[in-house]
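The structure file input29.txt is reproduced below (compact mmCIF, C-alpha atoms).
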# COMPACT_ATOMS: atom_id res chain seq x y z
CA MET A 37 -0.81 -20.27 -3.40
CA SER A 38 -3.62 -17.68 -3.36
CA ILE A 39 -4.87 -16.92 0.13
CA VAL A 40 -7.44 -14.46 -1.28
CA LYS A 41 -9.03 -14.72 -4.70
CA ILE A 42 -11.68 -12.35 -6.00
CA GLU A 43 -13.68 -13.18 -9.12
CA ASN A 44 -15.95 -10.84 -11.09
CA LEU A 45 -16.95 -8.87 -8.02
CA TYR A 46 -19.51 -6.07 -8.27
CA LYS A 47 -20.86 -3.99 -5.39
CA THR A 48 -23.87 -1.71 -5.82
CA PHE A 49 -25.32 0.51 -3.11
CA HIS A 50 -29.03 1.35 -3.42
CA THR A 51 -29.79 4.89 -2.27
CA LYS A 52 -32.81 7.18 -2.46
CA ASN A 53 -31.01 9.10 -5.19
CA GLY A 54 -30.36 5.98 -7.24
CA ASP A 55 -27.88 3.14 -7.45
CA ILE A 56 -24.18 3.72 -6.86
CA GLN A 57 -21.84 1.15 -8.35
CA ALA A 58 -18.90 1.13 -5.94
CA LEU A 59 -17.02 -1.80 -7.50
CA LYS A 60 -17.10 -3.12 -11.04
CA ASP A 61 -15.75 -6.47 -12.25
CA ILE A 62 -12.95 -6.80 -9.68
CA ASN A 63 -10.58 -9.73 -10.22
CA LEU A 64 -7.61 -10.16 -7.89
CA SER A 65 -5.38 -12.94 -6.62
CA ILE A 66 -3.29 -12.35 -3.48
CA GLU A 67 -0.59 -14.85 -2.60
CA GLN A 68 0.24 -16.18 0.87
CA GLY A 69 2.97 -14.05 2.46
CA ASP A 70 2.57 -11.05 0.15
CA ILE A 71 2.37 -7.43 1.17
CA PHE A 72 -0.20 -6.36 -1.38
CA GLY A 73 -1.10 -2.72 -1.99
CA ILE A 74 -4.44 -1.46 -3.31
CA ILE A 75 -4.09 2.18 -4.27
CA GLY A 76 -6.43 4.81 -5.63
CA LEU A 77 -7.85 8.25 -4.99
CA SER A 78 -10.64 8.95 -2.50
CA GLY A 79 -13.95 7.53 -3.71
CA ALA A 80 -12.34 5.01 -6.05
CA GLY A 81 -13.75 2.04 -4.11
CA LYS A 82 -10.73 0.95 -2.03
CA SER A 83 -12.43 0.74 1.36
CA THR A 84 -15.49 -0.99 -0.08
CA LEU A 85 -13.18 -3.59 -1.62
CA VAL A 86 -11.38 -4.31 1.64
CA ARG A 87 -14.73 -4.68 3.44
CA CYS A 88 -15.86 -7.15 0.78
CA ILE A 89 -12.74 -9.26 1.43
CA ASN A 90 -13.84 -9.99 5.01
CA PHE A 91 -17.55 -9.82 4.08
CA LEU A 92 -18.33 -6.81 6.26
CA GLU A 93 -19.88 -5.78 2.94
CA LYS A 94 -21.55 -8.53 0.95
CA PRO A 95 -20.77 -8.31 -2.78
CA THR A 96 -23.76 -7.74 -5.04
CA THR A 97 -22.38 -10.35 -7.44
CA GLY A 98 -19.10 -12.22 -7.74
CA ARG A 99 -17.11 -14.39 -5.37
CA VAL A 100 -14.49 -13.92 -2.66
CA TYR A 101 -12.42 -16.97 -1.74
CA PHE A 102 -10.37 -17.15 1.47
CA GLU A 103 -8.00 -20.13 1.51
CA GLY A 104 -10.12 -21.71 -1.21
CA THR A 105 -13.41 -21.29 0.67
CA ASP A 106 -16.20 -19.26 -0.92
CA MET A 107 -17.03 -16.67 1.76
CA GLY A 108 -20.50 -16.21 0.28
CA LYS A 109 -21.43 -19.79 1.10
CA LEU A 110 -20.60 -19.59 4.82
CA ASN A 111 -23.34 -19.35 7.42
CA LYS A 112 -23.15 -16.70 10.15
CA LYS A 113 -21.22 -18.90 12.60
CA GLU A 114 -18.75 -20.04 9.95
CA LEU A 115 -18.26 -16.46 8.77
CA LEU A 116 -17.48 -15.25 12.30
CA LYS A 117 -14.91 -18.01 12.64
CA ALA A 118 -13.32 -17.14 9.27
CA ARG A 119 -13.05 -13.49 10.33
CA GLN A 120 -10.89 -14.53 13.29
CA SER A 121 -8.23 -15.30 10.67
CA ILE A 122 -8.60 -11.83 9.12
CA GLY A 123 -7.32 -8.98 11.29
CA MET A 124 -8.09 -5.35 10.44
CA ILE A 125 -6.61 -1.98 11.35
CA PHE A 126 -8.12 1.40 10.55
CA GLN A 127 -7.09 4.99 9.91
CA ASN A 128 -8.67 6.22 13.16
CA PHE A 129 -7.44 3.31 15.32
CA ASN A 130 -10.94 2.38 16.65
CA LEU A 131 -9.64 1.70 20.17
CA LEU A 132 -12.05 1.46 23.11
CA GLU A 133 -11.43 4.61 25.15
CA GLN A 134 -12.54 3.04 28.44
CA ARG A 135 -9.99 0.21 28.15
CA ASN A 136 -6.24 0.43 28.60
CA ALA A 137 -3.80 -0.93 26.00
CA LEU A 138 -3.72 -4.42 27.51
CA LYS A 139 -7.52 -4.67 27.71
CA ASN A 140 -7.94 -3.35 24.16
CA ILE A 141 -5.74 -6.15 22.86
CA CYS A 142 -7.61 -8.69 25.00
CA PHE A 143 -10.99 -7.65 23.59
CA PRO A 144 -11.08 -9.92 20.47
CA LEU A 145 -9.77 -12.80 22.61
CA GLU A 146 -12.61 -12.29 25.07
CA ILE A 147 -15.10 -12.46 22.19
CA ALA A 148 -13.41 -15.68 21.04
CA GLY A 149 -13.84 -17.15 24.54
CA VAL A 150 -10.16 -17.25 25.51
CA PRO A 151 -9.62 -17.43 29.32
CA LYS A 152 -8.58 -14.13 30.92
CA ALA A 153 -5.11 -15.25 32.03
CA LYS A 154 -4.27 -16.68 28.63
CA ALA A 155 -5.64 -13.60 26.86
CA GLU A 156 -3.50 -11.27 28.99
CA GLU A 157 -0.42 -13.40 28.37
CA ARG A 158 -1.00 -13.16 24.63
CA ALA A 159 -1.64 -9.40 24.88
CA ARG A 160 1.66 -8.85 26.70
CA GLU A 161 3.51 -10.82 24.01
CA LEU A 162 2.00 -8.56 21.37
CA LEU A 163 2.73 -5.37 23.31
CA LYS A 164 6.38 -6.44 23.34
CA LEU A 165 6.24 -7.16 19.61
CA VAL A 166 5.00 -3.63 18.84
CA GLY A 167 7.42 -2.02 21.31
CA LEU A 168 4.88 -0.92 23.95
CA GLU A 169 5.50 -3.39 26.79
CA ASP A 170 5.80 -0.45 29.23
CA ARG A 171 2.43 1.07 28.24
CA GLU A 172 0.02 -1.78 29.00
CA ARG A 173 -1.92 0.26 31.57
CA SER A 174 -2.10 3.41 29.41
CA TYR A 175 -5.46 4.46 28.02
CA PRO A 176 -5.86 5.68 24.41
CA SER A 177 -6.06 9.31 25.57
CA GLN A 178 -2.57 8.89 27.06
CA LEU A 179 -1.01 7.56 23.84
CA SER A 180 0.32 9.28 20.73
CA GLY A 181 -1.12 8.52 17.31
CA GLY A 182 1.71 6.14 16.49
CA GLN A 183 1.31 4.34 19.82
CA LYS A 184 -2.44 4.01 19.29
CA GLN A 185 -1.83 2.43 15.89
CA ARG A 186 0.68 0.02 17.43
CA VAL A 187 -1.94 -1.05 19.96
CA ALA A 188 -4.44 -1.43 17.10
CA ILE A 189 -1.95 -3.62 15.21
CA ALA A 190 -1.38 -5.75 18.33
CA ARG A 191 -5.15 -6.11 18.77
CA ALA A 192 -5.55 -7.16 15.13
CA LEU A 193 -2.88 -9.84 15.65
CA ALA A 194 -4.43 -11.18 18.88
CA THR A 195 -6.28 -14.09 17.25
CA ASN A 196 -3.27 -15.14 15.13
CA PRO A 197 -4.78 -14.02 11.82
CA LYS A 198 -3.46 -15.19 8.48
CA ILE A 199 -4.29 -11.86 6.84
CA LEU A 200 -3.98 -8.29 8.11
CA LEU A 201 -6.17 -5.73 6.32
CA CYS A 202 -4.89 -2.16 6.68
CA ASP A 203 -7.42 0.48 5.61
CA GLU A 204 -5.49 3.78 5.30
CA ALA A 205 -3.63 2.74 8.45
CA THR A 206 -1.01 5.50 8.21
CA SER A 207 -3.10 8.38 6.82
CA ALA A 208 -3.57 10.04 10.21
CA LEU A 209 0.14 9.85 11.09
CA ASP A 210 3.08 12.18 10.48
CA PRO A 211 5.78 11.04 8.01
CA THR A 212 8.25 9.82 10.64
CA THR A 213 5.61 7.81 12.51
CA THR A 214 4.31 6.46 9.19
CA GLN A 215 7.76 5.07 8.41
CA SER A 216 7.99 3.37 11.82
CA ILE A 217 4.54 1.77 11.39
CA LEU A 218 5.41 0.55 7.90
CA SER A 219 8.67 -0.92 9.20
CA LEU A 220 6.70 -2.70 11.93
CA LEU A 221 4.26 -4.14 9.38
CA LYS A 222 7.16 -5.34 7.26
CA GLU A 223 8.70 -7.01 10.32
CA ILE A 224 5.39 -8.70 11.17
CA ASN A 225 5.09 -9.97 7.60
CA GLN A 226 8.59 -11.44 7.66
CA LYS A 227 8.55 -12.89 11.18
CA MET A 228 4.98 -14.17 11.33
CA ASN A 229 4.33 -14.80 7.62
CA VAL A 230 1.12 -12.80 7.88
CA THR A 231 -0.24 -11.72 4.50
CA ILE A 232 -0.83 -7.95 4.56
CA ILE A 233 -3.23 -6.06 2.32
CA ILE A 234 -2.71 -2.30 2.43
CA ILE A 235 -5.40 0.12 1.22
CA THR A 236 -3.93 3.56 0.58
CA HIS A 237 -3.98 6.66 -1.61
CA GLU A 238 -0.26 7.26 -1.08
CA MET A 239 2.21 5.78 -3.55
CA SER A 240 5.01 6.29 -1.01
CA VAL A 241 3.36 3.68 1.25
CA VAL A 242 3.20 1.14 -1.59
CA GLU A 243 6.78 1.88 -2.64
CA LYS A 244 8.09 1.39 0.87
CA ILE A 245 6.90 -2.15 1.66
CA CYS A 246 4.57 -3.68 -0.94
CA SER A 247 5.63 -6.43 -3.32
CA LYS A 248 2.56 -6.18 -5.57
CA VAL A 249 0.01 -3.47 -6.22
CA ALA A 250 -3.42 -3.05 -7.80
CA VAL A 251 -4.45 0.41 -8.98
CA ILE A 252 -8.16 1.15 -8.66
CA ASP A 253 -9.86 3.98 -10.54
CA ASN A 254 -13.57 4.72 -10.92
CA SER A 255 -14.47 1.44 -9.18
CA ARG A 256 -12.33 -0.76 -11.47
CA ILE A 257 -8.86 -2.28 -11.27
CA VAL A 258 -7.00 -0.51 -14.07
CA GLU A 259 -3.54 -1.95 -13.46
CA CYS A 260 -2.03 -4.74 -11.37
CA GLY A 261 1.42 -6.27 -11.02
CA ASP A 262 4.77 -6.21 -9.26
CA VAL A 263 5.44 -2.82 -7.68
CA LYS A 264 8.75 -2.50 -9.51
CA GLU A 265 7.13 -3.02 -12.91
CA VAL A 266 4.19 -0.70 -12.23
CA TYR A 267 6.54 1.94 -10.81
CA THR A 268 9.01 1.84 -13.69
CA ASN A 269 6.49 1.36 -16.48
CA PRO A 270 3.01 2.57 -15.46
CA LYS A 271 0.46 1.86 -18.16
CA SER A 272 -2.78 3.37 -16.84
CA ASP A 273 -3.40 7.10 -16.55
CA MET A 274 -4.21 6.68 -12.84
CA ALA A 275 -0.93 4.84 -12.09
CA LYS A 276 0.99 7.60 -13.87
CA LYS A 277 -0.89 10.25 -11.88
CA LEU A 278 -0.12 8.54 -8.57
CA ILE A 279 3.54 7.83 -9.35
CA ILE A 280 4.62 11.00 -11.13
CA PRO A 281 3.86 14.29 -9.32
CA LYS A 282 2.88 15.86 -12.64
CA GLU A 283 1.30 19.04 -11.26
CA SER A 284 4.43 20.07 -9.36
CA ILE A 285 6.57 19.12 -12.37
CA THR A 286 4.57 21.11 -14.90
CA ARG A 287 4.52 24.16 -12.61
CA THR A 288 8.34 24.12 -12.60
CA LEU A 289 8.86 23.42 -16.30
CA LYS A 290 9.56 26.22 -18.72
CA SER A 291 9.46 24.13 -21.88
CA GLY A 292 6.55 21.93 -20.75
CA SER A 293 8.41 18.76 -21.80
CA TYR A 294 10.58 16.39 -19.84
CA PHE A 295 12.38 13.05 -19.54
CA ARG A 296 11.52 10.73 -16.66
CA ILE A 297 14.62 8.62 -15.97
CA ILE A 298 14.24 5.39 -13.97
CA PHE A 299 17.28 3.92 -12.24
CA ASP A 300 17.65 0.58 -10.46
CA SER A 301 20.25 -1.19 -8.33
CA HIS A 302 22.68 -1.22 -11.29
CA THR A 303 22.52 2.52 -11.91
CA THR A 304 21.55 3.97 -8.51
CA HIS A 305 25.10 5.11 -7.66
CA ARG A 306 25.94 6.32 -11.15
CA PRO A 307 26.30 10.12 -11.55
CA ILE A 308 23.79 10.22 -14.41
CA LEU A 309 23.12 13.95 -14.22
CA SER A 310 26.81 14.86 -14.24
CA GLU A 311 27.47 12.50 -17.12
CA LEU A 312 24.61 14.02 -19.10
CA VAL A 313 26.00 17.54 -18.61
CA LEU A 314 29.41 16.38 -19.86
CA GLU A 315 27.87 14.38 -22.70
CA CYS A 316 25.76 17.27 -23.97
CA ASN A 317 27.96 20.15 -22.93
CA TYR A 318 24.77 21.86 -21.84
CA PRO A 319 23.20 22.69 -18.43
CA ILE A 320 20.56 20.11 -17.48
CA ASN A 321 17.59 21.31 -15.41
CA LEU A 322 16.68 18.77 -12.69
CA ILE A 323 12.98 19.10 -11.85
CA TYR A 324 12.38 16.20 -9.46
CA ALA A 325 14.19 13.21 -7.96
CA ASP A 326 13.23 10.40 -5.63
CA SER A 327 14.65 7.05 -4.53
CA ILE A 328 13.03 4.12 -2.75
CA GLU A 329 13.98 0.72 -1.43
CA MET A 330 11.70 -2.08 -2.51
CA LEU A 331 10.50 -4.96 -0.36
CA ARG A 332 12.73 -7.38 -2.28
CA GLU A 333 15.71 -5.15 -1.41
CA ASN A 334 16.01 -3.77 -4.95
CA ALA A 335 16.99 -0.12 -4.97
CA LEU A 336 14.83 1.88 -7.36
CA GLY A 337 14.30 5.52 -8.10
CA GLU A 338 13.58 8.21 -10.64
CA MET A 339 14.46 11.72 -11.66
CA VAL A 340 12.79 14.13 -14.01
CA ILE A 341 14.84 16.48 -16.14
CA GLU A 342 13.52 19.20 -18.41
CA LYS A 343 13.98 18.88 -22.14
CA THR A 344 16.35 21.54 -23.43
CA GLY A 345 14.20 22.36 -26.44
CA ILE A 346 17.26 21.95 -28.64
CA GLU A 347 16.69 18.96 -30.91
CA GLU A 348 20.39 18.00 -31.16
CA THR A 349 20.90 18.18 -27.37
CA ASP A 350 17.72 16.24 -26.55
CA SER A 351 18.78 13.59 -29.07
CA LYS A 352 22.13 13.31 -27.28
CA ILE A 353 20.29 12.76 -23.96
CA LYS A 354 18.24 9.94 -25.49
CA ALA A 355 21.31 8.40 -27.12
CA TYR A 356 23.17 8.41 -23.77
CA LEU A 357 20.26 6.77 -21.95
CA LYS A 358 19.82 4.09 -24.63
CA ARG A 359 23.56 3.38 -24.82
CA ASN A 360 23.73 2.83 -21.07
CA ASN A 361 20.49 0.78 -20.88
CA ILE A 362 18.82 3.33 -18.61
CA ARG A 363 15.03 3.24 -18.78
CA TYR A 364 13.27 6.48 -19.52
CA GLU A 365 10.00 7.99 -20.65
CA GLU A 366 9.50 11.30 -22.36
CA ALA A 367 6.56 13.66 -22.20
CA ASN A 368 5.81 16.41 -24.66
CA ASN A 369 3.29 19.01 -23.58
Can the structure from this file be put into C-alpha cells for me?
Amino acid sequence: MSIVKIENLYKTFHTKNGDIQALKDINLSIEQGDIFGIIGLSGAGKSTLVRCINFLEKPTTGRVYFEGTDMGKLNKKELLKARQSIGMIFQNFNLLEQRNALKNICFPLEIAGVPKAKAEERARELLKLVGLEDRERSYPSQLSGGQKQRVAIARALATNPKILLCDEATSALDPTTTQSILSLLKEINQKMNVTIIIITHEMSVVEKICSKVAVIDNSRIVECGDVKEVYTNPKSDMAKKLIIPKESITRTLKSGSYFRIIFDSHTTHRPILSELVLECNYPINLIYADSIEMLRENALGEMVIEKTGIEETDSKIKAYLKRNNIRYEEANN
C-alpha cells in the first residue's frame, strides 16, 4: 500500500531574474514501511521535493497523496493535523538552543496541546529509544553533533508520525556518527514501522539502509527502483556517476579501460581476483573495491579491475565471469 503517492508534480519558483523550474514531472510511489532514498547532487531538487511531500512547499501543478488523501485539497487546519503524522529531521538539527533535550522533544507535543506531564513522559521514552536518557537536562550547546541529531530524531517521533522525512540528516556528521544514526533509523523503521524517506547526495547512505531509491537529476527523476537493482545495473548517467567513483578510477588507470565486477551473497566470499590471476596467468590490477550490506540482508559489493590491454587476456576475464555467472560491466575510454 502506498503511503505517499506523487503524480505529475511540477514546482516553479518565480524570481526577479525569471522562473526557476525546481521539479519537473515527478511521479513516485512510496510504500508503507519502506526506507526510501532520494538521491542527487546539490541543486537537483531533492530538498524542494521533500518539502512538497509535507506541503511546506505547495506544488505548482500535480498532486501529493498521503494515505490516499490529496494534500492539496486540505484546509489549513486539516493540513496542520496531517503534518503531525509526518516528522522531519534536518542537516543542521534545528534544535531550540534555549531548551534542554527534554523540552526540545516536548515542543511539538506542546503545540499539539498534550498536557505537560504526558508530554514529558513521552519525551523520556524517546530519549531512551535514542540512547540519551541520561542527557535530558543537557542543552544543545552541551551535546555533540550525533547527540543533537538523536534529540532531533526523538523530537520528530514525538507525535507518533507515520512518516519520517530526513533531509540530508547525516551530512554534518563524521563517518562513524553517520553509521550510528543510520543504524538508529533502521531500528526505528523495524520496531515502529515508521516509513522513512531519506534525502541525500551520498550513495553510501542509500546503500546502507534503503530498500528503494529514486535518482533525481536536473529536477527530474531519471531512475527509480530497488536499491540492489539500481546499484548492480545503473541505467542513467547520474546513477552511474553516484555509484561508481569514476574520477578516482580514471586517475588511477593507465589503459583508461576497466571491468566493474558486481558480486552478491553467492559470490561475496569467492576469491575472484585470485582466480582471475590463475585463469589468465597475468597480473590483474585492482583499482577499487567496496562491499555493502543491504536492508534485506543481502550482501552486495563491487570491484573495478583495469583491462590488461591484451585482447586474449581480456577475453579470458570475460569468459571466466560469464562462466561463473558473475555480473560485470566494461568501460572503454
Atom CA of A:Ile252 to atom CA of A:Asn90, distance in Å rounded to a single decimal: 18.5 Å
Gap from atom CA of A:Gly81 to atom CA of A:Met124 - Å, one decimal: 17.3 Å
Per-residue nearest contacts stretch 179-201 of chain A to stretch 169-175 of chain A, cut-off 10 Å, using all atoms listed in the file, as a Markdown table:
| residue | atom | partner | partner_atom | distance |
| --- | --- | --- | --- | --- |
| A:Leu179 | CA | A:Tyr175 | CA | 6.8 |
| A:Gln183 | CA | A:Arg171 | CA | 9.1 |
| A:Lys184 | CA | A:Tyr175 | CA | 9.2 |
| A:Val187 | CA | A:Glu172 | CA | 9.3 |
Using 8 Å as the limit and counting only C-alpha atoms, can you tabulate each residue of stretch 187-228 of chain A that touches stretch 125-130 of chain A, with its shortest atom-to-atom distance in Å and the two atoms involved, as a Markdown table?
| residue | atom | partner | partner_atom | distance |
| --- | --- | --- | --- | --- |
| A:Ala188 | CA | A:Phe129 | CA | 5.9 |
| A:Ile189 | CA | A:Ile125 | CA | 6.3 |
| A:Ala192 | CA | A:Ile125 | CA | 6.5 |
| A:Leu200 | CA | A:Ile125 | CA | 7.6 |
| A:Leu201 | CA | A:Ile125 | CA | 6.3 |
| A:Cys202 | CA | A:Ile125 | CA | 5.0 |
| A:Asp203 | CA | A:Phe126 | CA | 5.1 |
| A:Glu204 | CA | A:Gln127 | CA | 5.0 |
| A:Ala205 | CA | A:Gln127 | CA | 4.4 |
| A:Thr206 | CA | A:Gln127 | CA | 6.3 |
| A:Ser207 | CA | A:Gln127 | CA | 6.1 |
| A:Ala208 | CA | A:Gln127 | CA | 6.2 |
Contacts of A:Arg158 within 12 Å, only C-alpha atoms, excl. fewer than 2 positions in-chain, as a list in words: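 Contacts, with the query itself left out: Leu138, Lys139, Ile141, Cys142, Phe143, Pro144, Leu145, Glu146, Val150, Pro151, Lys152, Ala153, Lys154, Ala155, Glu156, Arg160, Glu161, Leu162, Leu163, Lys164, Leu165, Glu169, Ala190, Arg191, Leu193, Ala194, Thr195 and Asn196 of chain A.
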Take the residues that were just selected and, keeping C-alpha atoms, output them as a PDB file, in the frame of the given file.
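Okay, result-v3.pdb is ready:
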ATOM      1  CA  LEU A 138      -3.720  -4.420  27.510  1.00  0.00           C
ATOM      2  CA  LYS A 139      -7.520  -4.670  27.710  1.00  0.00           C
ATOM      3  CA  ILE A 141      -5.740  -6.150  22.860  1.00  0.00           C
ATOM      4  CA  CYS A 142      -7.610  -8.690  25.000  1.00  0.00           C
ATOM      5  CA  PHE A 143     -10.990  -7.650  23.590  1.00  0.00           C
ATOM      6  CA  PRO A 144     -11.080  -9.920  20.470  1.00  0.00           C
ATOM      7  CA  LEU A 145      -9.770 -12.800  22.610  1.00  0.00           C
ATOM      8  CA  GLU A 146     -12.610 -12.290  25.070  1.00  0.00           C
ATOM      9  CA  VAL A 150     -10.160 -17.250  25.510  1.00  0.00           C
ATOM     10  CA  PRO A 151      -9.620 -17.430  29.320  1.00  0.00           C
ATOM     11  CA  LYS A 152      -8.580 -14.130  30.920  1.00  0.00           C
ATOM     12  CA  ALA A 153      -5.110 -15.250  32.030  1.00  0.00           C
ATOM     13  CA  LYS A 154      -4.270 -16.680  28.630  1.00  0.00           C
ATOM     14  CA  ALA A 155      -5.640 -13.600  26.860  1.00  0.00           C
ATOM     15  CA  GLU A 156      -3.500 -11.270  28.990  1.00  0.00           C
ATOM     16  CA  ARG A 160       1.660  -8.850  26.700  1.00  0.00           C
ATOM     17  CA  GLU A 161       3.510 -10.820  24.010  1.00  0.00           C
ATOM     18  CA  LEU A 162       2.000  -8.560  21.370  1.00  0.00           C
ATOM     19  CA  LEU A 163       2.730  -5.370  23.310  1.00  0.00           C
ATOM     20  CA  LYS A 164       6.380  -6.440  23.340  1.00  0.00           C
ATOM     21  CA  LEU A 165       6.240  -7.160  19.610  1.00  0.00           C
ATOM     22  CA  GLU A 169       5.500  -3.390  26.790  1.00  0.00           C
ATOM     23  CA  ALA A 190      -1.380  -5.750  18.330  1.00  0.00           C
ATOM     24  CA  ARG A 191      -5.150  -6.110  18.770  1.00  0.00           C
ATOM     25  CA  LEU A 193      -2.880  -9.840  15.650  1.00  0.00           C
ATOM     26  CA  ALA A 194      -4.430 -11.180  18.880  1.00  0.00           C
ATOM     27  CA  THR A 195      -6.280 -14.090  17.250  1.00  0.00           C
ATOM     28  CA  ASN A 196      -3.270 -15.140  15.130  1.00  0.00           C
TER      29      ASN A 196
END
A:Ile71, A:Leu220, A:Asp210, A:Val242 ranked by distance to A:Gly167, top pick (using only C-alpha atoms):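 Going through A:Ile71, A:Leu220, A:Asp210, A:Val242 one by one, the smallest distance to A:Gly167 is for A:Leu220.
The interatomic distance for the pair atom CA of A:His305 and atom CA of A:Ile323 works out to 19.0 Å.
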Best match for closeness to A:Met37 among A:Gln68, A:Thr97, A:Ser293, A:Ser255, counting all atoms listed in the file: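 Using all atoms listed in the file, the shortest distance to A:Met37 belongs to A:Gln68.
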How big is the axis-aligned box around the listed atoms of stretch 352-362 of chain A once 4 Å is added on each side, and where is its centre? Give both in Å to one decimal, as lines of an AutoDock Vina configuration file.
center_x = 21.0
center_y = 7.0
center_z = -22.9
size_x = 13.5
size_y = 20.5
size_z = 16.7
Residue with smallest distance to A:Tyr324 - pool A:Phe295, A:Leu209, A:Ala275, A:Glu348, counting all atoms listed in the file: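 Between A:Phe295, A:Leu209, A:Ala275, A:Glu348, the residue approaching A:Tyr324 most closely is A:Phe295.
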From A:Met239, A:Ile233, A:Ile147, A:Cys260, residue lying nearest A:Gly76 [all atoms listed in the file]: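 Of A:Met239, A:Ile233, A:Ile147, A:Cys260, the one nearest A:Gly76 is A:Met239, counting all atoms listed in the file.
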Spatial sel., origin (-12.4, -21.1, 8.6), limit 12 Å, all atoms listed in the file, listed as a list in words: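 Checked against the point, the hits come out as Asn90, Tyr101, Phe102, Glu103, Gly104, Thr105, Asp106, Met107, Lys109, Leu110, Asn111, Lys112, Lys113, Glu114, Leu115, Leu116, Lys117, Ala118, Arg119, Gln120, Ser121, Ile122, Pro197 and Lys198 of chain A.
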Using all atoms listed in the file: which of A:Asp70, A:Leu85, A:Leu131, A:Met228 has the shortest distance to A:Gly181: A:Leu131
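Restricting the calculation to only C-alpha atoms, the smallest distance between A:Gln178 and any of A:Val166, A:Ala159, A:Val241, A:Ala137 is found for A:Ala137.
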Restrict the output to stretch 83-97 of chain A and N, CA and C atoms, then write it as a PDB file, in the first residue's frame.
ATOM      1  N   SER A  83      15.622  18.681  -1.896  1.00  0.00           N
ATOM      2  CA  SER A  83      15.008  19.326  -0.730  1.00  0.00           C
ATOM      3  C   SER A  83      13.658  19.943  -1.070  1.00  0.00           C
ATOM      4  N   THR A  84      13.539  20.476  -2.280  1.00  0.00           N
ATOM      5  CA  THR A  84      12.232  21.006  -2.712  1.00  0.00           C
ATOM      6  C   THR A  84      11.210  19.878  -2.753  1.00  0.00           C
ATOM      7  N   LEU A  85      11.622  18.715  -3.227  1.00  0.00           N
ATOM      8  CA  LEU A  85      10.706  17.576  -3.312  1.00  0.00           C
ATOM      9  C   LEU A  85      10.229  17.148  -1.934  1.00  0.00           C
ATOM     10  N   VAL A  86      11.144  17.073  -0.969  1.00  0.00           N
ATOM     11  CA  VAL A  86      10.738  16.630   0.366  1.00  0.00           C
ATOM     12  C   VAL A  86       9.807  17.651   1.017  1.00  0.00           C
ATOM     13  N   ARG A  87      10.003  18.932   0.722  1.00  0.00           N
ATOM     14  CA  ARG A  87       9.132  19.965   1.272  1.00  0.00           C
ATOM     15  C   ARG A  87       7.762  19.983   0.586  1.00  0.00           C
ATOM     16  N   CYS A  88       7.706  19.462  -0.629  1.00  0.00           N
ATOM     17  CA  CYS A  88       6.406  19.322  -1.296  1.00  0.00           C
ATOM     18  C   CYS A  88       5.617  18.145  -0.709  1.00  0.00           C
ATOM     19  N   ILE A  89       6.324  17.143  -0.201  1.00  0.00           N
ATOM     20  CA  ILE A  89       5.645  15.969   0.364  1.00  0.00           C
ATOM     21  C   ILE A  89       4.797  16.372   1.571  1.00  0.00           C
ATOM     22  N   ASN A  90       5.351  17.245   2.432  1.00  0.00           N
ATOM     23  CA  ASN A  90       4.569  17.677   3.599  1.00  0.00           C
ATOM     24  C   ASN A  90       3.910  19.054   3.386  1.00  0.00           C
ATOM     25  N   PHE A  91       3.970  19.522   2.139  1.00  0.00           N
ATOM     26  CA  PHE A  91       3.307  20.769   1.739  1.00  0.00           C
ATOM     27  C   PHE A  91       3.858  22.004   2.457  1.00  0.00           C
ATOM     28  N   LEU A  92       5.126  21.937   2.896  1.00  0.00           N
ATOM     29  CA  LEU A  92       5.793  23.168   3.294  1.00  0.00           C
ATOM     30  C   LEU A  92       6.044  24.006   2.044  1.00  0.00           C
ATOM     31  N   GLU A  93       6.156  23.333   0.900  1.00  0.00           N
ATOM     32  CA  GLU A  93       6.142  23.994  -0.407  1.00  0.00           C
ATOM     33  C   GLU A  93       4.933  23.456  -1.161  1.00  0.00           C
ATOM     34  N   LYS A  94       4.121  24.334  -1.679  1.00  0.00           N
ATOM     35  CA  LYS A  94       2.953  23.916  -2.440  1.00  0.00           C
ATOM     36  C   LYS A  94       3.348  23.703  -3.898  1.00  0.00           C
ATOM     37  N   PRO A  95       3.094  22.513  -4.442  1.00  0.00           N
ATOM     38  CA  PRO A  95       3.431  22.265  -5.851  1.00  0.00           C
ATOM     39  C   PRO A  95       2.741  23.259  -6.776  1.00  0.00           C
ATOM     40  N   THR A  96       3.425  23.616  -7.857  1.00  0.00           N
ATOM     41  CA  THR A  96       2.810  24.500  -8.848  1.00  0.00           C
ATOM     42  C   THR A  96       1.678  23.754  -9.560  1.00  0.00           C
ATOM     43  N   THR A  97       1.946  22.540  -9.970  1.00  0.00           N
ATOM     44  CA  THR A  97       0.915  21.650 -10.511  1.00  0.00           C
ATOM     45  C   THR A  97       1.228  20.236 -10.050  1.00  0.00           C
TER      46      THR A  97
END
